[in-house]
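Novice: Attaching a single structure in structure tokens format; questions to follow.
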Amino acid sequence: METDTITAISTPVGEGAISIVRLSGSAAIPVTAKLFEGKNLHDADSHTIHYGKIIDPETNEVAEEVMVTIMRAPKTFTREDVVEINCHGGMVAVNRVLETILEQGVRIAEPGEFTKRAFLHGRIDLSQAEAVMDLIRSKTDKAMSVALKQMDGRLSQLIGRLRQQLIETVAHVEVNIDYPEYDDVEEMSHEMMRTKSKEVHAEIEHLLEVAKQGKILREGLSTAIIGRPNVGKSSLMNTLVQESKAIVTEVPGTTRDIIEEYVNVRGVPLRLVDTAGIRETEDIVEKIGVDRSRKVLEESDLILFVLNYNEELTEEDKKLFEAVQGLDYIVMINKTDLDQKLDLEKVNEFAENKPVINASLIKEEGIDELESAISETFFAGDIDTGDMTYVSNIRHIQLLKQAKQALEDAMSSLDMEMPLDIVQIDVTRTWEFLGEIIGDTASDSLIDQLFSQFCLGK
Amino acid sequence: MVYDAGRYDVIVIGAGHAGVEAGIAAAKMGAKTLMLTLNLDMVAFMPCNPSLGGPAKGIVVREVDALGGVMAKVIDKTYIQMRMLNTRKGPAVQALRAQADKPLYIKEMKHVLENQENLTLRQGMVNELIMEDGECKGVITETKAAYYADNVIVTTGTFMRGKVLMGDLEYESGPNNQRASIKLSENLEGLGLEITRFKTGTPPRVNSHSIDYSKTEIQPGDEKPQSFSYETTEYIMNQIPCWLTYTNEFTHQLINDNLSSSAMYSGMKRGTGPRYCPSIEDKIVRFNDKPRHQVFLEPEGRDTEEVYVQGLSTSLPEDIQHDMVKTVPGLENAEIMRGGYAIEYDAIVPTQLWPTMEVKDIPGLFTAGQINGTSGYEEAAAQGIMAGINAGAKVVGKEPLILDRSRAYIGVLIDDLVTKGTKEPYRLLTSRAEYRLLLRHDNADLRLTEIGHDYGLINEERYNQFVEKQRLVEQEKKRLSKITVKPEEPVQEMLKNANGSPLKEAVKAYDMLKRPEVTYEMLEGVIEKDDNLPAIVKEQVGIQIKYEGYIKKANEQVDRMLKMENKKIPDNIDYDDIDGIAFEAKEKLKKVRPLSVGQASRISGVNPSDVSILLVYIEQGKVARTAN
């Protein structure tokens, strides 16, 4: 029977109090254990529940605080090892967990696949077989229509264009192979193949980058406010909250009490995470040293660094500048209503090319400038929120990542000077992965391409 | 009145490239076999180009040889030129191509047929099949001879209701003015077989004395001796070159001016021709921006002056053909000996066949070769040997033989035909194979000799040689994995000369060979050498090690494919009984009747959800049986 491991969000899409990610298959427990910070789940007893965190192993970031239920075969719904991960409600957290699991090579379940497995393993009564088939049919139709709706017309056009570029390249290699004496077309070279691969690779990377931006729009930028004591961090936060009339949500989980504050600044959602943490950053550098504080700061998408106009630049400020170097940050000089003691030239020097805003929170000055700086930092240049080719569907992102990986395999074969017919295997796979996104996997189209692109004889 | 002309185990109708392989395979397996052909002087005739092999096709010739077929051995004795193609590409796409001596090929093949034990070769035109209770039980010829057999293999090529077309001339004919087979085609149609109409074409042949070769480019054969068959030990060293020239604007203008007089462009509805082998008219119409097209001049044999004008396939009227040929450099004074023509013929819709080549609705009847909608001598031979083996298997009580897509190009070919059918004459291309890295020229023996031996087509002597080769390959790989290569002077020097980076630390010889720039021969220069190792073993070891990572990846894909291939669909399945499957998919499944879920998933119009439901339904059947 199928031995690969599948996963899906198994609670209804929407804003339930909790969402559950379910895994089934032999890798369900090992994969969860690998991502889980808490008890060692490898030896966990069947039908037990455990509190901990799901950590993204690539970034070491906490994806979500969770409760994990371990159920070992055969006494499970599918009669395989099953893990259920309870996350907080809403789509953000649960999607983050699902993405982290998919990164581990677990496959996203087909519509109705858990039930299908339950049936195939004899878990479901014979009389239910037909219901299972109905379920697969209806879920597939529904999934199809949802997938189509989710698919932006521009995205499908873009993918179609990338595929066309790839298939022309592949057809070119094929024609060199199948018609070696055909001299109308120059022999495809490693250099030509490399150029083409790089082009497509860059486009896929761009799509994934935009997907990340899309994710930011959905989830908010995790934002930290730092600065020495009494520079006005709390006032800044309160100002931002009041300005945007943000909802201050209190999510009383079963296991923790954490306050996340969402504010919306000119279309940029900021997630002011862990407000307690912001207060603690008062002595962040002193407390944990530059290296470690930097690690904490790196987890933020945006840092608001507050200085006092009325005080000279201190050693502590310099250490903070050191800690934020290379990250996305905005310097806000507060208290411009008081006398200037701060050396602005020095500040500008330290801040390199990052925005420096003068403000007086008490007089409500400089807020607008800060808000523009925030919005410009994230949507500068080529990213236009109004006209964005969105890749928000997790399946699409996953396929894009697979396509990118396949193309990278091809590129590394190129670097090793492997023959082009070997390189071409991975280029074809890239083409197939992209095809899955737009639901086009017909293999005959290569042959059609071959004959329409080239006039072939011998 | 018909007369009883005897009883056989297997009857093969036709002695073309499919027929000879079918007849010989069945006879070798011990079946008493009769081969009927219209003209004994034309067995294994090549009505089109005088060459065998090439990409994909050349590998098929080797596969047929590894299964115990004859095509490879006969061409090895009769070629006028042999070339390895794609030598600068990877091992997966290299392939041999031979220019054949057409008359000699026929002569040699006839000799093989006449001396095959259990095989009777006889001239005769079959008009109809003998049917009994819906099963095929023999054939009746136009001379009223009734031959009886439980297995009949039809390999009639392009002869069925064949029609030759040249300008406005058209007449019933097989290729090269042989008699067309009319009654058999009507008989098969009457038995309910679905027939389609295809066409193909051939160019004029000119007299070699009338060619000015100084205006063309020479295309010689390889100097290195090579062979198709794994048994061949003698090579023909005296090779004859081919020549390359080009069409030009005058050729194209002439054709454009006379397009409406071409049989295929006259507006009449005609059979479907192949895109990969277009007529010169097609090339000029579809690619009118090309200033020139290649024309290869290929000798038809050593003892004939006829030269095949590859690239000028046409159905233009004869007078235009004369003018057209003269526009081509080198052919200004060329004398046409035979004109080009198109031929239209009946083909069987191949989805009516099981993958064994047996007709689904007529037990005992097999079809193979061009009649199944393919083109090419090699594709025909491949189907012929499989039909012969499966007919023979029925006679001697062996399991049917079906090669999967990862085992052989033959498997790809037959699976495509019986699962997807074909809308144009089908030609094998390397791009049709998903696992072509596994389907190499060099390893056809490793893939298929064991099977050929199991079915009694490979004799003990050859089999033992094969087993020994396998042993040597494994032994050498093991040896290389134990030898350490140190970063010392001769090694670094060798790497430097090959533009490789120097060794930083000692490595195993095995891993050294994985470097793209290191060949087995280079490695031999710096490690202890095994002088007794045959060249083919070294070649095999080199390829297996160098491409190990890629081969492993391909094998993982094959494992996934085979999982679905091994889920068999019960033969009594009633698709109408399965509610969840979409209507279109049901119709396709009912028609194709796939043997496995894997095969079902390759039918166009059958979606993944249909496959899912099919799986559930089949499992349900199993559960039901267990419950009972």
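By convention here, the chains of the structure tokens are called A, B, ... in the order presented, each chain's residues are numbered starting at 1, and ligands are numbered starting at 1 in the order presented.
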What lies within 9 Å of Met188 (chain A) using only C-alpha atoms, ignoring chain neighbours under 5 positions off, as a PyMOL selection string?

Specialist: chain A and resi 169+172-173+176+193+420

Novice: Please identify all polymer residues within 10 Å of Glu174 (chain A), counting only C-alpha atoms, omitting same-chain residues fewer than 3 positions from it, and present them as a PyMOL selection string.

Specialist: (chain A and resi 167-171+177-180+188+420-421+424+446-447+450) or (chain B and resi 93+429-431)

Novice: Please, which residues in chain B fall within 8 Å of chain A when counting only C-alpha atoms, and what is the closest atom pair and distance in Å to one decimal for each, ordered by chain then residue number, as a tab-separated table?

Specialist:
residue	atom	partner	partner_atom	distance
B:Gly54	CA	A:Asp178	CA	7.8
B:Pro55	CA	A:Asp178	CA	5.4
B:Ala56	CA	A:Asp178	CA	7.6
B:Leu85	CA	A:Pro180	CA	6.9
B:Asn86	CA	A:Pro180	CA	6.5
B:Arg88	CA	A:Pro419	CA	7.8
B:Lys89	CA	A:Pro419	CA	5.3
B:Gly90	CA	A:Pro419	CA	5.0
B:Ala92	CA	A:Asp421	CA	7.8
B:Val93	CA	A:Ile177	CA	6.6
B:Arg275	CA	A:Phe451	CA	6.4
B:Tyr276	CA	A:Leu456	CA	5.8
B:Cys277	CA	A:Gly457	CA	5.1
B:Pro278	CA	A:Gly457	CA	6.4
B:Lys283	CA	A:Cys455	CA	6.3
B:Arg286	CA	A:Cys455	CA	8.0
B:Phe287	CA	A:Cys455	CA	6.6
B:His293	CA	A:Asp184	CA	8.0
B:Gln294	CA	A:Tyr182	CA	7.7
B:Gln310	CA	A:Lys458	CA	7.2
B:Gly311	CA	A:Gly457	CA	6.1
B:Leu429	CA	A:Asp178	CA	6.4
B:Thr430	CA	A:Asp178	CA	6.6
B:Ser431	CA	A:Glu174	CA	6.6
B:Arg432	CA	A:Ile447	CA	7.9
B:Leu437	CA	A:Ile422	CA	7.8
B:Pro516	CA	A:Met416	CA	6.3
B:Tyr550	CA	A:Ile422	CA	7.9
B:Asp579	CA	A:Met133	CA	7.9
B:Gly580	CA	A:Met133	CA	5.7
B:Ile581	CA	A:Arg137	CA	7.9
B:Ser609	CA	A:Arg137	CA	6.6
B:Ser612	CA	A:Ile136	CA	7.7
B:Ile613	CA	A:Met133	CA	5.5
B:Val616	CA	A:Leu120	CA	6.7
B:Tyr617	CA	A:Ala129	CA	7.6
B:Glu619	CA	A:Leu120	CA	6.4
B:Gln620	CA	A:Ala129	CA	6.8
B:Val623	CA	A:Leu126	CA	7.5
B:Ala624	CA	A:Leu126	CA	7.6

Novice: Could you save those same residues with N, CA and C atoms as a compact mmCIF listing (two decimals), in the first residue's frame?

Specialist:
# COMPACT_ATOMS: atom_id res chain seq x y z
N GLY B 54 19.65 4.44 -35.72
CA GLY B 54 19.52 5.86 -35.40
C GLY B 54 19.04 6.00 -33.96
N PRO B 55 18.87 7.25 -33.50
CA PRO B 55 18.45 7.46 -32.12
C PRO B 55 17.16 6.69 -31.81
N ALA B 56 17.07 6.10 -30.66
CA ALA B 56 15.95 5.27 -30.21
C ALA B 56 15.83 4.00 -31.05
N LEU B 85 25.96 7.49 -33.69
CA LEU B 85 25.47 8.87 -33.63
C LEU B 85 25.51 9.40 -32.21
N ASN B 86 25.52 10.70 -32.08
CA ASN B 86 25.48 11.37 -30.78
C ASN B 86 26.66 11.03 -29.89
N ARG B 88 29.08 12.75 -29.03
CA ARG B 88 29.48 13.81 -28.11
C ARG B 88 28.44 14.06 -27.03
N LYS B 89 27.38 13.26 -27.06
CA LYS B 89 26.37 13.41 -26.01
C LYS B 89 26.50 12.26 -25.01
N GLY B 90 25.53 12.16 -24.11
CA GLY B 90 25.63 11.16 -23.05
C GLY B 90 25.39 9.75 -23.55
N ALA B 92 23.20 7.69 -22.83
CA ALA B 92 21.80 7.28 -22.98
C ALA B 92 21.28 7.51 -24.38
N VAL B 93 21.89 8.42 -25.11
CA VAL B 93 21.30 8.77 -26.40
C VAL B 93 22.19 8.38 -27.57
N ARG B 275 4.40 13.58 -39.05
CA ARG B 275 5.03 14.89 -38.99
C ARG B 275 6.56 14.80 -39.01
N TYR B 276 7.06 13.64 -38.50
CA TYR B 276 8.51 13.55 -38.37
C TYR B 276 9.17 13.18 -39.68
N CYS B 277 8.39 12.85 -40.69
CA CYS B 277 8.97 12.43 -41.95
C CYS B 277 8.17 13.09 -43.06
N PRO B 278 8.21 14.42 -43.10
CA PRO B 278 7.34 15.14 -44.02
C PRO B 278 7.80 15.03 -45.47
N LYS B 283 7.40 20.31 -46.11
CA LYS B 283 8.48 21.13 -45.53
C LYS B 283 8.39 22.56 -46.05
N ARG B 286 5.05 24.26 -44.63
CA ARG B 286 5.01 24.52 -43.18
C ARG B 286 6.18 25.38 -42.71
N PHE B 287 7.30 25.30 -43.38
CA PHE B 287 8.47 26.08 -42.96
C PHE B 287 8.96 26.92 -44.15
N HIS B 293 16.78 22.97 -47.51
CA HIS B 293 16.58 21.75 -46.73
C HIS B 293 17.65 20.75 -47.13
N GLN B 294 18.01 19.89 -46.15
CA GLN B 294 19.07 18.92 -46.43
C GLN B 294 18.56 17.81 -47.34
N GLN B 310 17.23 10.93 -50.02
CA GLN B 310 16.61 11.18 -48.70
C GLN B 310 16.33 12.66 -48.52
N GLY B 311 15.07 13.01 -48.23
CA GLY B 311 14.73 14.42 -48.01
C GLY B 311 13.80 14.96 -49.09
N LEU B 429 10.87 7.98 -30.57
CA LEU B 429 11.82 9.07 -30.39
C LEU B 429 12.37 8.89 -28.98
N THR B 430 13.59 9.34 -28.76
CA THR B 430 14.12 9.18 -27.40
C THR B 430 13.25 9.94 -26.41
N SER B 431 12.62 11.03 -26.88
CA SER B 431 11.82 11.83 -25.95
C SER B 431 10.53 11.13 -25.53
N ARG B 432 10.19 10.03 -26.16
CA ARG B 432 9.00 9.30 -25.71
C ARG B 432 9.28 8.48 -24.46
N LEU B 437 17.61 7.21 -19.57
CA LEU B 437 18.94 6.97 -19.02
C LEU B 437 19.12 5.49 -18.70
N PRO B 516 33.57 14.18 -13.83
CA PRO B 516 33.18 14.26 -15.25
C PRO B 516 34.36 14.16 -16.19
N TYR B 550 22.55 9.74 -11.27
CA TYR B 550 21.41 9.97 -12.16
C TYR B 550 20.61 8.68 -12.35
N ASP B 579 -19.63 4.34 -9.76
CA ASP B 579 -20.32 5.62 -9.89
C ASP B 579 -19.39 6.81 -9.99
N GLY B 580 -18.34 6.78 -9.20
CA GLY B 580 -17.53 7.99 -9.06
C GLY B 580 -16.73 8.38 -10.28
N ILE B 581 -16.49 7.44 -11.20
CA ILE B 581 -15.62 7.73 -12.33
C ILE B 581 -16.35 8.57 -13.37
N SER B 609 -8.23 11.72 -10.03
CA SER B 609 -9.32 11.33 -9.13
C SER B 609 -10.00 10.05 -9.63
N SER B 612 -7.87 7.31 -8.44
CA SER B 612 -8.08 7.10 -7.01
C SER B 612 -9.31 6.24 -6.76
N ILE B 613 -10.37 6.61 -7.44
CA ILE B 613 -11.63 5.89 -7.26
C ILE B 613 -11.49 4.45 -7.74
N VAL B 616 -9.80 2.45 -5.10
CA VAL B 616 -10.70 2.12 -3.99
C VAL B 616 -11.64 0.99 -4.41
N TYR B 617 -12.13 1.07 -5.63
CA TYR B 617 -13.07 0.07 -6.12
C TYR B 617 -12.42 -1.31 -6.16
N GLU B 619 -9.81 -2.37 -4.43
CA GLU B 619 -9.57 -2.83 -3.07
C GLU B 619 -10.86 -3.34 -2.45
N GLN B 620 -11.93 -2.64 -2.76
CA GLN B 620 -13.23 -3.05 -2.24
C GLN B 620 -13.53 -4.48 -2.70
N VAL B 623 -11.63 -6.83 -0.64
CA VAL B 623 -12.22 -6.96 0.69
C VAL B 623 -13.45 -7.86 0.62
N ALA B 624 -14.24 -7.64 -0.44
CA ALA B 624 -15.47 -8.42 -0.59
C ALA B 624 -15.15 -9.90 -0.71

Novice: Which polymer residues have any atom within 9 Å of an atom of Asp212 (chain B), counting only C-alpha atoms, with same-chain residues fewer than 5 positions away left out, as an NGL selection string?

Specialist: :B and (329-334)

Novice: So which residues touch region 368-374 of chain A within 10 Å, counting only C-alpha atoms, skipping near sequence neighbours fewer than 4 positions away, as a VMD selection string?

Specialist: chain A and resid 240 264 to 266 268 270 302 to 304 328 to 332 354 to 359 364 378 to 380

Novice: Using DSSP secondary structure from the backbone, list all strand (DSSP E or B) positions within region 140-366 of chain B, as a PyMOL selection string.

Specialist: chain B and resi 140-141+145-148+151-154+160+163-166+169-172+181+195-202+205-207+217-219+242-246+272+294-299+306-310+336-338+341-348+353+358-359+365-366

Novice: Neighbouring residues of Gly25 (chain A) were defined as those with any atom within 7 Å, considering only C-alpha atoms; residues of the same chain fewer than 2 positions away were excluded. Please report them as a list in words.

Specialist: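 Contacts, with the query itself left out: Thr3, Asp4, Thr5, Ile6, Leu23, Ala27, Ala28, Glu80, Asp81 and Val82 of chain A.
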
Novice: Take the residues from that selection and put them in a file with C-alpha atoms, as a CSV table (one decimal), in the first residue's frame.

Specialist:
chain,number,residue,atom,x,y,z
A,3,THR,CA,3.9,4.2,2.1
A,4,ASP,CA,4.6,7.9,1.7
A,5,THR,CA,3.4,10.3,4.4
A,6,ILE,CA,0.7,12.8,3.7
A,23,LEU,CA,-0.1,13.8,9.2
A,27,ALA,CA,7.2,9.5,8.6
A,28,ALA,CA,4.5,11.3,10.5
A,80,GLU,CA,-1.0,4.3,9.9
A,81,ASP,CA,0.9,6.4,12.3
A,82,VAL,CA,-1.1,9.6,12.7

Novice: Excluding same-chain residues fewer than 3 positions from Glu358 (chain B), what lies within 12 Å of it counting only C-alpha atoms, as a PyMOL selection string?

Specialist: chain B and resi 135-136+151-154+350-355+361-368+372+383-384+386-392+394+400-402+414+418

Novice: CA of Glu58 (chain A) and CA of Leu399 (chain A) are how many Å apart?

Specialist: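 We find that CA of Glu58 (chain A) and CA of Leu399 (chain A) lie 18.5 Å from each other.
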
Novice: So, with only C-alpha atoms as the atoms that count, which of A:Thr239, A:Val200, A:Asn60, A:Val210 lies closest to Ala410 (chain A)?

Specialist: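 Closest to Ala410 (chain A) of all the choices is A:Val200.
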
Novice: Can you tell me which residues surround Ile536 (chain B) at a distance of at most 12 Å, considering only C-alpha atoms, apart from same-chain residues fewer than 3 positions away, and format the answer as a ChimeraX atom specification?

Specialist: /B:226,230,441-443,445-446,466,468-470,472-473,520,532-533,539-543

Novice: Write the selection just made, keeping C-alpha atoms, as a CSV table (one decimal), in the first residue's frame?

Specialist:
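Just written: selection.csv:
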chain,number,residue,atom,x,y,z
B,226,GLN,CA,30.9,-1.6,-34.5
B,230,TYR,CA,26.1,-8.8,-29.2
B,441,HIS,CA,22.4,1.3,-26.3
B,442,ASP,CA,25.2,-0.2,-24.1
B,443,ASN,CA,22.9,-2.1,-21.7
B,445,ASP,CA,21.8,-7.0,-23.2
B,446,LEU,CA,21.8,-6.4,-19.4
B,466,PHE,CA,26.3,-12.8,-20.9
B,468,GLU,CA,30.2,-13.9,-17.5
B,469,LYS,CA,30.1,-10.3,-18.7
B,470,GLN,CA,27.7,-9.4,-15.8
B,472,LEU,CA,33.1,-9.2,-14.7
B,473,VAL,CA,31.3,-5.9,-14.5
B,520,TYR,CA,38.0,4.7,-17.5
B,532,ASN,CA,42.2,-9.4,-19.5
B,533,LEU,CA,39.1,-7.2,-19.1
B,539,GLU,CA,32.7,0.6,-21.1
B,540,GLN,CA,29.9,-0.7,-18.9
B,541,VAL,CA,31.8,-0.1,-15.7
B,542,GLY,CA,32.6,3.4,-16.8
B,543,ILE,CA,29.0,4.3,-17.6

Novice: Using only C-alpha atoms, find the one residue out of B:Asp150, B:Asp65, B:Glu186, B:Asp571 that sits nearest to His453 (chain B).

Specialist: B:Asp65
